[in-house]
Every structure is written in structure tokens, then in C-alpha cells.
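See below for entry18.txt, which holds compact mmCIF, C-alpha atoms.
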```txt
# COMPACT_ATOMS: atom_id res chain seq x y z
CA MET A 319 76.54 74.07 112.64
CA ASN A 320 75.45 75.49 109.34
CA SER A 321 75.34 73.12 106.42
CA CYS A 322 77.99 75.19 104.68
CA ALA A 323 81.41 74.14 105.91
CA ILE A 324 84.15 76.70 106.46
CA GLY A 325 85.45 77.76 103.08
CA GLY A 326 82.87 75.62 101.31
CA CYS A 327 80.19 78.22 100.72
CA THR A 328 80.59 81.83 99.72
CA PHE A 329 79.17 84.51 101.97
CA PHE A 330 76.82 85.65 99.24
CA SER A 331 75.08 82.29 99.04
CA ILE A 332 74.30 82.07 102.77
CA PRO A 333 70.48 81.90 103.05
CA GLN A 334 70.29 84.41 105.93
CA VAL A 335 72.39 86.92 104.00
CA ILE A 336 70.19 86.56 100.93
CA ALA A 337 67.03 86.88 103.00
CA SER A 338 68.26 89.99 104.83
CA LYS A 339 69.32 91.75 101.60
CA ASP A 340 72.30 93.00 103.59
CA SER A 341 75.81 92.22 102.37
CA TRP A 342 77.62 94.29 105.02
CA VAL A 343 80.03 92.52 107.36
CA TRP A 344 81.32 93.61 110.76
CA ARG A 345 84.71 93.18 112.40
CA TYR A 346 85.81 93.88 115.93
CA VAL A 347 88.78 96.24 115.78
CA MET A 348 89.86 96.89 119.35
CA GLU A 349 88.72 97.94 122.78
CA GLY A 350 87.45 101.52 122.77
CA GLY A 351 87.43 104.22 125.43
CA SER A 352 89.73 107.06 126.37
CA ASP A 353 92.85 104.89 126.21
CA SER A 354 92.19 104.23 122.54
CA GLU A 355 91.63 107.86 121.58
CA GLY A 356 93.42 108.64 118.32
CA VAL A 357 94.27 104.99 117.67
CA LEU A 358 92.93 102.63 115.01
CA ASP A 359 94.47 99.20 114.89
CA VAL A 360 94.46 98.55 111.14
CA SER A 361 96.36 95.34 111.85
CA CYS A 362 92.86 93.94 112.41
CA LEU A 363 92.74 93.61 108.61
CA GLU A 364 96.05 91.77 108.47
CA ILE A 365 96.08 88.00 108.54
CA LEU A 366 98.61 86.98 111.17
CA ALA A 367 99.95 83.56 112.11
CA LYS A 368 97.38 83.24 114.92
CA ASP A 369 94.46 83.78 112.51
CA ASN A 370 94.48 80.33 110.86
CA GLY A 371 94.52 81.86 107.40
CA TYR A 372 91.43 84.06 107.64
CA LEU A 373 89.91 86.96 109.55
CA SER A 374 86.71 86.75 111.55
CA PHE A 375 83.78 88.93 110.58
CA PHE A 376 80.13 88.82 111.63
CA HIS A 377 76.88 89.41 109.80
CA SER A 378 73.83 90.99 111.40
CA ASN A 379 70.41 90.25 109.92
CA ARG A 380 68.68 92.70 112.25
CA GLN A 381 66.22 94.88 110.39
CA PRO A 382 66.02 97.53 109.15
CA ASN A 383 69.41 97.42 107.47
CA GLU A 384 69.83 101.20 107.84
CA ASP A 385 69.71 101.03 111.64
CA PHE A 386 73.43 100.86 112.37
CA VAL A 387 72.88 101.32 116.13
CA SER A 388 70.83 98.13 116.28
CA LYS A 389 73.39 96.35 114.10
CA VAL A 390 76.31 97.38 116.32
CA LYS A 391 74.49 96.19 119.43
CA HIS A 392 73.63 92.92 117.72
CA VAL A 393 77.22 92.31 116.63
CA HIS A 394 78.46 93.21 120.11
CA LYS A 395 76.30 90.39 121.46
CA LEU A 396 77.39 87.95 118.76
CA ILE A 397 81.06 88.46 119.53
CA ARG A 398 80.39 87.89 123.23
CA LEU A 399 82.65 90.58 124.57
CA THR A 400 82.45 91.82 128.12
CA LYS A 401 79.24 93.82 128.11
CA THR A 402 80.60 96.87 129.82
CA ASN A 403 83.79 97.28 127.83
CA PRO A 404 83.65 99.88 125.06
CA ALA A 405 84.48 98.42 121.67
CA ILE A 406 85.32 99.66 118.19
CA TYR A 407 83.93 97.94 115.10
CA LEU A 408 84.25 98.51 111.40
CA ASN A 409 81.89 97.41 108.70
CA PHE A 410 81.78 97.45 104.94
CA ASP A 411 79.81 96.02 102.08
CA ALA A 412 81.40 92.70 101.12
CA ILE A 413 80.22 93.14 97.52
CA GLU A 414 82.04 96.49 97.30
CA ALA A 415 85.11 94.97 98.97
CA VAL A 416 85.39 92.23 96.37
CA GLU A 417 84.94 94.72 93.53
CA ALA A 418 87.26 97.39 94.97
CA THR A 419 90.06 94.89 95.63
CA ASP A 420 89.71 93.18 92.23
CA SER A 421 88.63 89.96 93.95
CA LYS A 422 91.67 89.98 96.24
CA THR A 423 89.28 89.41 99.13
CA TYR A 424 87.11 86.32 99.54
CA PHE A 425 84.23 85.99 101.99
CA PHE A 426 82.85 82.67 103.13
CA ASP A 427 80.55 81.07 105.67
CA ALA A 428 82.50 80.26 108.81
CA ASN A 429 79.46 79.02 110.75
CA TYR A 430 76.95 81.85 110.28
CA PRO A 431 76.72 84.54 111.63
CA HIS A 432 80.48 84.10 111.79
CA VAL A 433 81.95 85.01 108.39
CA GLY A 434 85.52 84.48 107.23
CA MET A 435 87.57 86.75 104.98
CA SER A 436 90.72 85.56 103.29
CA TYR A 437 93.10 86.85 100.65
CA PRO A 438 93.14 84.05 98.05
CA ASP A 439 96.22 85.26 96.21
CA ALA A 440 99.26 84.72 98.44
CA LYS A 441 101.16 87.65 96.98
CA ASP A 442 98.41 89.97 98.15
CA LEU A 443 98.52 88.60 101.64
CA ASN A 444 99.00 91.42 104.12
CA SER A 445 98.97 93.96 101.35
CA MET A 446 98.95 97.52 102.64
CA GLU A 447 96.96 98.60 99.62
CA VAL A 448 94.15 96.14 100.28
CA ARG A 449 93.95 97.22 103.91
CA THR A 450 93.77 100.88 102.87
CA ILE A 451 90.97 100.12 100.40
CA LEU A 452 89.04 98.31 103.11
CA VAL A 453 89.37 101.26 105.49
CA GLU A 454 88.28 103.64 102.73
CA ILE A 455 85.05 101.71 102.15
CA SER A 456 84.46 101.13 105.88
CA ASP A 457 82.46 102.90 108.51
CA VAL A 458 83.92 102.76 112.00
CA TYR A 459 81.73 102.76 115.12
CA GLN A 460 82.30 102.76 118.83
CA ARG A 461 79.96 101.16 121.32
CA ALA A 462 80.54 102.96 124.60
CA GLN A 463 80.20 101.47 128.08
CA GLU A 464 76.62 102.69 128.40
CA GLY A 465 75.74 101.06 125.08
CA ILE A 466 75.75 104.38 123.23
CA VAL A 467 76.85 103.92 119.63
CA THR A 468 78.74 106.66 117.80
CA LYS A 469 80.27 106.78 114.37
CA LEU A 470 84.03 107.49 114.53
CA LEU A 471 84.91 107.45 110.82
CA MET B 464 96.17 124.41 109.87
CA ARG B 465 97.46 125.33 106.46
CA ASP B 466 95.10 127.49 104.46
CA LYS B 467 94.95 128.62 100.89
CA VAL B 468 94.41 132.34 100.71
CA PHE B 469 93.15 133.96 97.53
CA PHE B 470 94.06 137.52 96.61
CA SER B 471 92.82 139.63 93.77
CA ILE B 472 95.72 141.70 92.54
CA SER B 473 96.04 144.57 90.15
CA GLU B 474 98.61 144.86 87.38
CA GLY B 475 100.68 147.30 89.43
CA GLU B 476 100.86 145.05 92.47
CA ARG B 477 102.23 142.08 90.63
CA ASN B 478 105.90 143.05 90.61
CA LEU B 479 105.90 143.64 94.33
CA LEU B 480 104.20 140.32 94.93
CA TYR B 481 106.67 138.45 92.74
CA LYS B 482 109.51 139.64 94.95
CA GLU B 483 107.80 138.29 98.03
CA ILE B 484 106.71 134.93 96.72
CA SER B 485 108.63 134.35 93.52
CA SER B 486 109.78 130.94 94.68
CA LYS B 487 106.18 129.79 95.08
CA ILE B 488 104.28 131.43 92.24
CA THR B 489 105.59 131.80 88.73
CA PRO B 490 104.65 134.71 86.48
CA LEU B 491 102.87 132.19 84.28
CA ASP B 492 100.53 131.34 87.16
CA VAL B 493 99.54 134.96 87.46
CA LYS B 494 99.16 135.42 83.74
CA GLU B 495 96.77 132.52 83.46
CA GLN B 496 94.34 133.62 86.14
CA SER B 497 93.03 136.84 87.55
CA THR B 498 93.50 135.69 91.12
CA ILE B 499 96.45 133.90 92.61
CA PHE B 500 96.86 131.84 95.72
CA PHE B 501 99.60 130.72 97.97
CA SER B 502 99.80 128.64 101.12
CA THR B 503 100.22 130.48 104.35
CA ASN B 504 101.39 129.06 107.62
CA CYS B 505 99.69 131.65 109.77
CA ASN B 506 97.66 129.13 111.75
CA ALA B 507 100.45 126.60 112.17
CA VAL B 508 101.83 126.61 115.67
CA VAL B 509 104.54 124.07 114.97
CA SER B 510 107.02 124.99 112.26
CA TRP B 511 109.29 122.40 110.73
CA ASP B 512 112.35 124.38 111.90
CA GLU B 513 111.11 124.51 115.46
CA TRP B 514 110.39 120.80 115.43
CA GLU B 515 113.81 119.94 113.99
CA THR B 516 115.45 121.86 116.82
CA SER B 517 113.44 119.88 119.33
CA LEU B 518 114.41 116.58 117.70
CA GLU B 519 118.08 117.45 117.42
CA SER B 520 118.41 117.89 121.17
CA TYR B 521 117.44 114.23 121.43
CA GLY B 522 120.07 113.20 118.91
CA VAL B 523 117.58 111.67 116.52
CA THR B 524 119.92 112.07 113.58
CA SER B 525 123.04 110.73 115.24
CA PHE B 526 121.42 108.14 117.53
CA SER B 527 123.63 109.72 120.15
CA PHE B 528 124.25 108.19 123.55
CA ASP B 529 125.02 111.69 124.87
CA SER B 530 121.62 113.14 124.03
CA LEU B 531 118.89 113.98 126.53
CA PRO B 532 117.75 110.83 128.31
CA SER B 533 114.22 109.73 129.12
CA ASP B 534 113.08 109.47 132.75
CA ASP B 535 114.44 105.91 132.74
CA GLY B 536 117.83 107.20 131.66
CA ILE B 537 117.46 105.76 128.16
CA THR B 538 118.80 107.84 125.29
CA ILE B 539 117.94 107.57 121.62
CA GLY B 540 121.15 105.63 121.17
CA SER B 541 120.44 103.08 123.87
CA LEU B 542 116.76 102.80 122.86
CA CYS B 543 117.92 101.26 119.61
CA GLU B 544 120.31 98.85 121.27
CA THR B 545 119.40 95.23 121.38
CA GLY B 546 118.47 94.00 124.83
CA THR B 547 116.03 96.76 125.72
CA SER B 548 112.80 95.22 127.04
CA LEU B 549 109.38 95.94 125.53
CA ASP B 550 108.26 97.60 128.75
CA ALA B 551 111.32 99.85 129.01
CA MET B 552 111.19 100.71 125.33
CA CYS B 553 107.51 101.70 125.43
CA HIS B 554 107.89 103.87 128.52
CA SER B 555 110.98 105.54 127.09
CA MET B 556 109.33 106.26 123.76
CA ALA B 557 106.30 107.76 125.52
CA ASP B 558 108.52 109.84 127.77
CA MET B 559 110.63 111.10 124.87
CA ALA B 560 107.54 111.98 122.85
CA ASP B 561 106.24 113.95 125.82
CA LYS B 562 109.47 115.86 126.31
CA MET B 563 109.91 116.65 122.63
CA SER B 564 106.46 118.19 122.40
CA LYS B 565 106.06 119.79 125.81
CA GLY B 566 105.03 123.43 125.72
CA ILE B 567 105.00 123.72 121.95
CA SER B 568 101.24 123.59 121.39
CA SER B 569 98.21 121.95 122.95
CA GLU B 570 97.17 120.52 119.58
CA LEU B 571 100.55 118.86 119.27
CA GLU B 572 100.29 117.49 122.80
CA ASP B 573 96.91 115.99 121.88
CA PHE B 574 98.53 114.17 118.97
CA ILE B 575 101.37 112.97 121.19
CA LEU B 576 98.69 111.51 123.47
CA TYR B 577 97.46 109.47 120.48
CA VAL B 578 101.01 108.25 119.87
CA LYS B 579 101.32 107.23 123.51
CA ASN B 580 97.94 105.49 123.38
CA ALA B 581 99.15 103.54 120.35
CA ILE B 582 102.37 102.60 122.14
CA PHE B 583 100.61 101.27 125.22
CA TYR B 584 97.87 99.56 123.21
CA TYR B 585 100.63 97.75 121.29
CA LYS B 586 102.47 96.90 124.52
CA ASN B 587 99.33 95.48 126.16
CA LYS B 588 98.42 93.54 123.05
CA LYS B 589 101.85 91.96 122.83
CA GLU B 590 101.98 91.18 126.53
CA SER B 591 98.50 89.64 126.58
CA GLY B 592 99.36 87.60 123.48
CA GLY B 593 102.08 85.93 125.48
CA ASN B 594 104.51 85.91 122.57
CA GLU B 595 107.94 87.24 123.36
CA ILE B 596 109.04 89.84 120.84
CA GLU B 597 112.45 89.31 119.36
CA SER B 598 114.97 92.00 120.21
CA LEU B 599 115.47 92.62 116.50
CA SER B 600 111.80 93.52 116.19
CA LEU B 601 112.03 95.91 119.15
CA TYR B 602 115.06 97.52 117.55
CA SER B 603 113.11 98.06 114.31
CA SER B 604 110.18 99.46 116.23
CA ALA B 605 112.40 101.94 118.11
CA LYS B 606 114.02 103.12 114.89
CA SER B 607 110.61 103.47 113.27
CA PHE B 608 109.43 105.55 116.25
CA ILE B 609 112.36 107.93 115.88
CA GLU B 610 111.70 108.26 112.16
CA PHE B 611 107.97 108.71 112.79
CA MET B 612 108.63 111.63 115.13
CA ARG B 613 110.32 113.50 112.28
CA TYR B 614 107.01 113.84 110.49
CA VAL B 615 104.85 114.96 113.42
CA PRO B 616 104.31 118.50 112.04
CA ALA B 617 102.55 116.93 109.06
CA PHE B 618 100.41 114.64 111.21
CA TYR B 619 99.40 116.50 114.34
CA ASN B 620 96.79 118.90 112.99
CA LYS B 621 94.90 116.51 110.71
CA PRO B 622 91.38 116.09 112.08
CA GLY B 623 90.51 112.49 112.92
CA ILE B 624 93.98 111.14 112.13
CA LYS B 625 94.65 107.77 113.76
CA VAL B 626 97.97 106.33 114.89
CA TYR B 627 98.83 102.65 114.84
CA ILE B 628 101.75 100.30 115.28
CA ASP B 629 101.83 97.55 112.70
CA ASP B 630 101.37 94.23 114.44
CA ARG B 631 103.70 92.27 112.19
CA THR B 632 106.62 94.72 111.87
CA GLY B 633 106.27 97.00 114.89
CA PHE B 634 106.51 100.02 112.58
CA PHE B 635 104.60 103.22 113.38
CA GLY B 636 101.93 104.44 111.00
CA VAL B 637 99.02 106.82 110.61
CA ILE B 638 95.74 106.42 108.85
CA TYR B 639 93.98 109.57 107.76
CA LYS B 640 90.47 109.35 106.39
CA ARG B 641 88.83 112.60 105.40
CA THR B 642 85.21 111.58 105.60
CA SER B 643 83.75 115.10 105.65
CA VAL B 644 84.94 115.97 102.15
CA LYS B 645 85.25 112.39 100.85
CA ALA B 646 88.91 113.01 100.01
CA GLY B 647 89.90 109.39 100.49
CA THR B 648 92.05 107.44 102.92
CA LEU B 649 95.80 107.78 103.29
CA ASN B 650 97.79 105.08 105.03
CA ILE B 651 101.42 105.90 105.90
CA LEU B 652 103.82 103.39 107.45
CA VAL B 653 107.17 104.73 108.64
CA LYS B 654 109.79 102.00 108.41
CA ASP B 655 113.17 101.64 110.11
CA ASN B 656 115.31 102.34 107.03
CA TYR B 657 114.42 105.96 106.19
CA GLU B 658 111.66 104.76 103.88
CA ILE B 659 107.93 105.33 104.08
CA ASP B 660 105.35 102.99 102.57
CA PHE B 661 102.16 104.75 101.66
CA SER B 662 98.87 103.85 100.10
CA PHE B 663 96.04 106.16 99.13
CA ALA B 664 92.56 104.91 98.27
CA LYS B 665 89.58 106.96 97.20
CA ARG B 666 86.05 106.04 96.24
CA ARG B 667 85.24 107.26 92.76
CA LYS B 668 83.53 104.91 90.31
CA GLY B 669 84.94 101.96 92.19
CA VAL B 670 88.05 102.74 94.23
CA VAL B 671 91.23 104.29 92.84
CA THR B 672 94.55 103.66 94.60
CA ILE B 673 98.04 105.10 94.58
CA THR B 674 100.62 103.05 96.45
CA GLY B 675 104.34 103.48 96.75
CA VAL B 676 107.53 104.05 98.68
CA ALA B 677 108.91 107.47 99.63
CA LYS B 678 112.55 108.01 100.57
CA PHE B 679 113.30 111.25 102.36
CA GLY B 680 116.75 110.23 103.56
CA LYS B 681 118.45 110.90 106.88
CA GLN B 682 118.46 114.68 106.70
CA LEU B 683 115.87 116.26 108.98
CA GLU B 684 115.58 119.16 106.53
CA ASN B 685 113.87 116.79 104.08
CA SER B 686 111.16 115.75 106.52
CA ASP B 687 108.73 118.42 105.30
CA GLN B 688 108.60 116.69 101.92
CA ILE B 689 106.10 114.28 103.40
CA ARG B 690 103.57 116.98 102.51
CA SER B 691 103.85 115.71 98.94
CA ILE B 692 102.10 112.53 100.03
CA PHE B 693 99.31 114.43 101.77
CA ARG B 694 98.74 116.40 98.57
CA LEU B 695 97.29 113.21 97.10
CA MET B 696 94.18 114.11 99.08
CA GLU B 697 93.74 117.56 97.54
```
Serialized structure, C-alpha cells:
Amino acid sequence: MNSCAIGGCTFFSIPQVIASKDSWVWRYVMEGGSDSEGVLDVSCLEILAKDNGYLSFFHSNRQPNEDFVSKVKHVHKLIRLTKTNPAIYLNFDAIEAVEATDSKTYFFDANYPHVGMSYPDAKDLNSMEVRTILVEISDVYQRAQEGIVTKLL
Amino acid sequence: MRDKVFFSISEGERNLLYKEISSKITPLDVKEQSTIFFSTNCNAVVSWDEWETSLESYGVTSFSFDSLPSDDGITIGSLCETGTSLDAMCHSMADMADKMSKGISSELEDFILYVKNAIFYYKNKKESGGNEIESLSLYSSAKSFIEFMRYVPAFYNKPGIKVYIDDRTGFFGVIYKRTSVKAGTLNILVKDNYEIDFSFAKRRKGVVTITGVAKFGKQLENSDQIRSIFRLME
């Protein structure tokens, strides 16, 4: 367990994040593959009753930071999904997210590399606008069954 | 695909052109520039009129019980009745979407496949979650589906467009991100009350957003006005 308790330490002050000089966070969106063609479950950015008040993201400190293929594979391992199942992930820069949403998003250590994102202002909870902003600043990747990583959006 | 076509015209050709397209281009437009443009539908396989005809046979405006049924014998009217199960509703929606689009264009059928993928992804997610969906929520979802189908001609030919069903409300939506030209991201959620929530976000210096509610009413003839929302990306 990291010394920073959930909600007690901002994402940007996590030592591993500072050391990696990488403020991008990753979220599992949905299972990929042919059955998911043409679908993007943007509800993955909506905090639902089952989410305990925050959404789960992950941070990858794999270097170099520009190697998104390595990052996707790393995150895929961190989330501990079935290895063979294709999966779709999105990622964005948490610094840009906070700025673009006028601080309507808050990122915190949820036992690194697990990172939490919450919407501090209740009236912005589940806001369609915030979700659209997050998709706009996101890249979306699919890790196929063979481990091949492709950028979808 | 809707293209903008530019023509250079001479002074003598203007009067003739006005007669053809006077509702689209005003004389002032021509006066202010040496070339004019108008939108042409030459590449569009699915016209709004053609699509309306297809929808009307399913009674989407009247929620008729006498309209064409799905393979399960469910009509638009009964789809929106309380008591329909999630499984029956999803299969009926997929079947209706198939029938409405069959034979019109392969591009449209591709988009309908996305809609069906979204339906069955939502169904599997709900079933694996183990939470029973209230019949009121299913009713809202069915009505949203019917409303969503009205706007298919605006959705089907957008490259990379994604379909989703909102987890909380069951409403159908699309998310369209034009990454190639950095034109921003448009999120459209079709509700069950003839309203559409939309939000547009675009990276500039920071991110600019335009968010609102569009009301196109019950009349199918108004469905094409959804193009106004897509113009935010131009």
C-alpha cells in the first residue's frame, strides 16, 4: 500500500508520476473485437452507483513516454484482464483534463499505479459536457487478441 | 457523403443559377465573391425522404400496434409497452433496425451493425451486472431507439462515428470525433421526449465547448435539422 491514502494525495504529487515525467492516465473502456465495432462506451467516464464515487484509471511509468504500444501492454497487465481478450483503452493527460474542465475533474492516488478520478463539484457529476471534453482530449487504443495495439481515435 | 462544390460563374450565368438554387444562395452571396458554392447530395445514397418512408411503415410516428412487426411479432407500439423484457426488447430493436435499412445501402447497413453491436453490448453489460432494469427504463430506452432511428441519415456516413447506449438512462447516442482534421468531438444523446442533448468540444487554446438541447419535435420532416448540430464541426 502506498503511503498516500485514497483521496489523500493528488495524482501529481505521486513520486512515480513525478519521476516518470508522464502525467497521462489510462482507463479501460470495454472489451474490443468485432462485436464492439462502431461502439464506444462513453459511460466509462460516468460515475455510477457501483463506482464508489470515483473512476479507476491507471498510470504507466514505462519508458519512453512516447511508446504508446508499450504503455498499452503495460496497462493491460496492470488491469489483469484475460490475456487473450481484446480490450479498448483511452488515455489523456491529467494536467490537460484539469485545465480543460476548469478543475471539474480531480485525480488522486488510489494505491499507485491505480489512480482515481472524481468530479468534486456535485452539480457537475455525470455532466455530458465533461465527458465530451475528456473524449476530445483522449486517444483511444485497442489491444487485439494477438497483442497488436492500434489507435482507434 | 455531402460535398461542397465550387463553381466559377460568369455574369450571364447568374440569373439562370439563381432560378435553380435561389433558396440556398442569395444574390448577396454571389455579389460578395467571385465563386459560389452549394451543397450537393450526389454521393448520398440515403435521402431523408427515402428514410422517412422506411420509418413510416414501422409506425414510428404513431407508435402503431398495426405496423410491421419484428421477427418476434413485436411492433413499435408494443416495444414501448411496459412489461417487455430486456432480451425481447434488444432483439426486436436489432431486427427492426435491420428491416428498416435492408437493401438501401451497404454503408447504411454497416452503421446499423454498429447500432446492433451497441444494443447487444448494453444487453450483455446489464445482464452480467445482475441488476434488473426497471420496466420504466426499458420503455425510455425503446422510445429513445425509435427517436434515434430518425436521425440515421445524418449519422451513417460519418467516418469513425461511434454508437453508445447511456448506462444510466438507456438513451441512444453517438460520439463523433474527427481526428483527421482536428474538428473536435460531438456527443449527441437522443432522449425519449423528442429532445436531443448535445455537447461539442474542440481543442483550441484550451478546449472550447458548446452544449445544449435541441428540440426537433414529433414531425419526421424536421429530422434533417439535426444537420445544424453537425455544422458545429465545420
Find the residues of chain B in contact range of chain A, meaning any atom within 7 Å when counting all atoms listed in the file, and list them as a list in words.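 Close to chain A, chain B has Tyr577, Asn580, Ala581, Ile624, Lys625, Val626, Tyr627, Asp629, Asp630, Thr642, Gly647, Thr648, Asn650, Ser662, Phe663, Ala664, Lys665, Gly669, Val670 and Thr674 of chain B.
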Output for the residues just chosen: C-alpha atoms as a compact mmCIF listing (two decimals), in the frame of the given file:
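As written to disk, selection-v9.txt reads:
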```txt
# COMPACT_ATOMS: atom_id res chain seq x y z
CA TYR B 577 97.46 109.47 120.48
CA ASN B 580 97.94 105.49 123.38
CA ALA B 581 99.15 103.54 120.35
CA ILE B 624 93.98 111.14 112.13
CA LYS B 625 94.65 107.77 113.76
CA VAL B 626 97.97 106.33 114.89
CA TYR B 627 98.83 102.65 114.84
CA ASP B 629 101.83 97.55 112.70
CA ASP B 630 101.37 94.23 114.44
CA THR B 642 85.21 111.58 105.60
CA GLY B 647 89.90 109.39 100.49
CA THR B 648 92.05 107.44 102.92
CA ASN B 650 97.79 105.08 105.03
CA SER B 662 98.87 103.85 100.10
CA PHE B 663 96.04 106.16 99.13
CA ALA B 664 92.56 104.91 98.27
CA LYS B 665 89.58 106.96 97.20
CA GLY B 669 84.94 101.96 92.19
CA VAL B 670 88.05 102.74 94.23
CA THR B 674 100.62 103.05 96.45
```
Residues within 9 Å of Leu571 in chain B, please, as a VMD selection string. Count all atoms listed in the file; anything in the same chain fewer than 6 positions from it doesn't count. chain B and resid 508 to 509 564 to 565 615 to 616 619 to 620
Close residues, range 370-376 of chain A itself excluded, 12 Å, all atoms listed in the file, min 5 positions apart in chain, as a PyMOL selection string: chain A and resi 324-325+329+335+340-347+361-365+389-390+392-398+407-412+423-440+443-444
Which residue gives the smallest distance to Asn403 in chain A among A:Gln463, A:Ser388, A:Thr468, A:Asn379, with only C-alpha atoms counted?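 Among the listed residues, A:Gln463 lies closest to Asn403 in chain A.
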Any chance you could model N, CA and C atoms for range 325-336 of chain A and send them as a PDB file, in the coordinates of the input?
```pdb
ATOM      1  N   GLY A 325      84.786  77.707 104.377  1.00  0.00           N
ATOM      2  CA  GLY A 325      85.450  77.760 103.080  1.00  0.00           C
ATOM      3  C   GLY A 325      84.675  77.060 101.987  1.00  0.00           C
ATOM      4  N   GLY A 326      83.597  76.382 102.327  1.00  0.00           N
ATOM      5  CA  GLY A 326      82.870  75.620 101.310  1.00  0.00           C
ATOM      6  C   GLY A 326      81.723  76.378 100.676  1.00  0.00           C
ATOM      7  N   CYS A 327      81.370  77.515 101.198  1.00  0.00           N
ATOM      8  CA  CYS A 327      80.190  78.220 100.720  1.00  0.00           C
ATOM      9  C   CYS A 327      80.482  79.713 100.775  1.00  0.00           C
ATOM     10  N   THR A 328      80.273  80.406  99.695  1.00  0.00           N
ATOM     11  CA  THR A 328      80.590  81.830  99.720  1.00  0.00           C
ATOM     12  C   THR A 328      79.583  82.568 100.594  1.00  0.00           C
ATOM     13  N   PHE A 329      80.009  83.681 101.101  1.00  0.00           N
ATOM     14  CA  PHE A 329      79.170  84.510 101.970  1.00  0.00           C
ATOM     15  C   PHE A 329      77.867  84.881 101.267  1.00  0.00           C
ATOM     16  N   PHE A 330      77.982  85.132  99.968  1.00  0.00           N
ATOM     17  CA  PHE A 330      76.820  85.650  99.240  1.00  0.00           C
ATOM     18  C   PHE A 330      75.754  84.588  98.985  1.00  0.00           C
ATOM     19  N   SER A 331      76.089  83.332  99.232  1.00  0.00           N
ATOM     20  CA  SER A 331      75.080  82.290  99.040  1.00  0.00           C
ATOM     21  C   SER A 331      74.501  81.789 100.367  1.00  0.00           C
ATOM     22  N   ILE A 332      74.860  82.446 101.471  1.00  0.00           N
ATOM     23  CA  ILE A 332      74.300  82.070 102.770  1.00  0.00           C
ATOM     24  C   ILE A 332      72.824  82.480 102.800  1.00  0.00           C
ATOM     25  N   PRO A 333      71.918  81.576 103.107  1.00  0.00           N
ATOM     26  CA  PRO A 333      70.480  81.900 103.050  1.00  0.00           C
ATOM     27  C   PRO A 333      70.083  83.123 103.877  1.00  0.00           C
ATOM     28  N   GLN A 334      70.645  83.259 105.074  1.00  0.00           N
ATOM     29  CA  GLN A 334      70.290  84.410 105.930  1.00  0.00           C
ATOM     30  C   GLN A 334      70.754  85.727 105.332  1.00  0.00           C
ATOM     31  N   VAL A 335      71.871  85.694 104.636  1.00  0.00           N
ATOM     32  CA  VAL A 335      72.390  86.920 104.000  1.00  0.00           C
ATOM     33  C   VAL A 335      71.472  87.301 102.836  1.00  0.00           C
ATOM     34  N   ILE A 336      71.094  86.301 102.070  1.00  0.00           N
ATOM     35  CA  ILE A 336      70.190  86.560 100.930  1.00  0.00           C
ATOM     36  C   ILE A 336      68.851  87.100 101.436  1.00  0.00           C
TER      37      ILE A 336
END
```
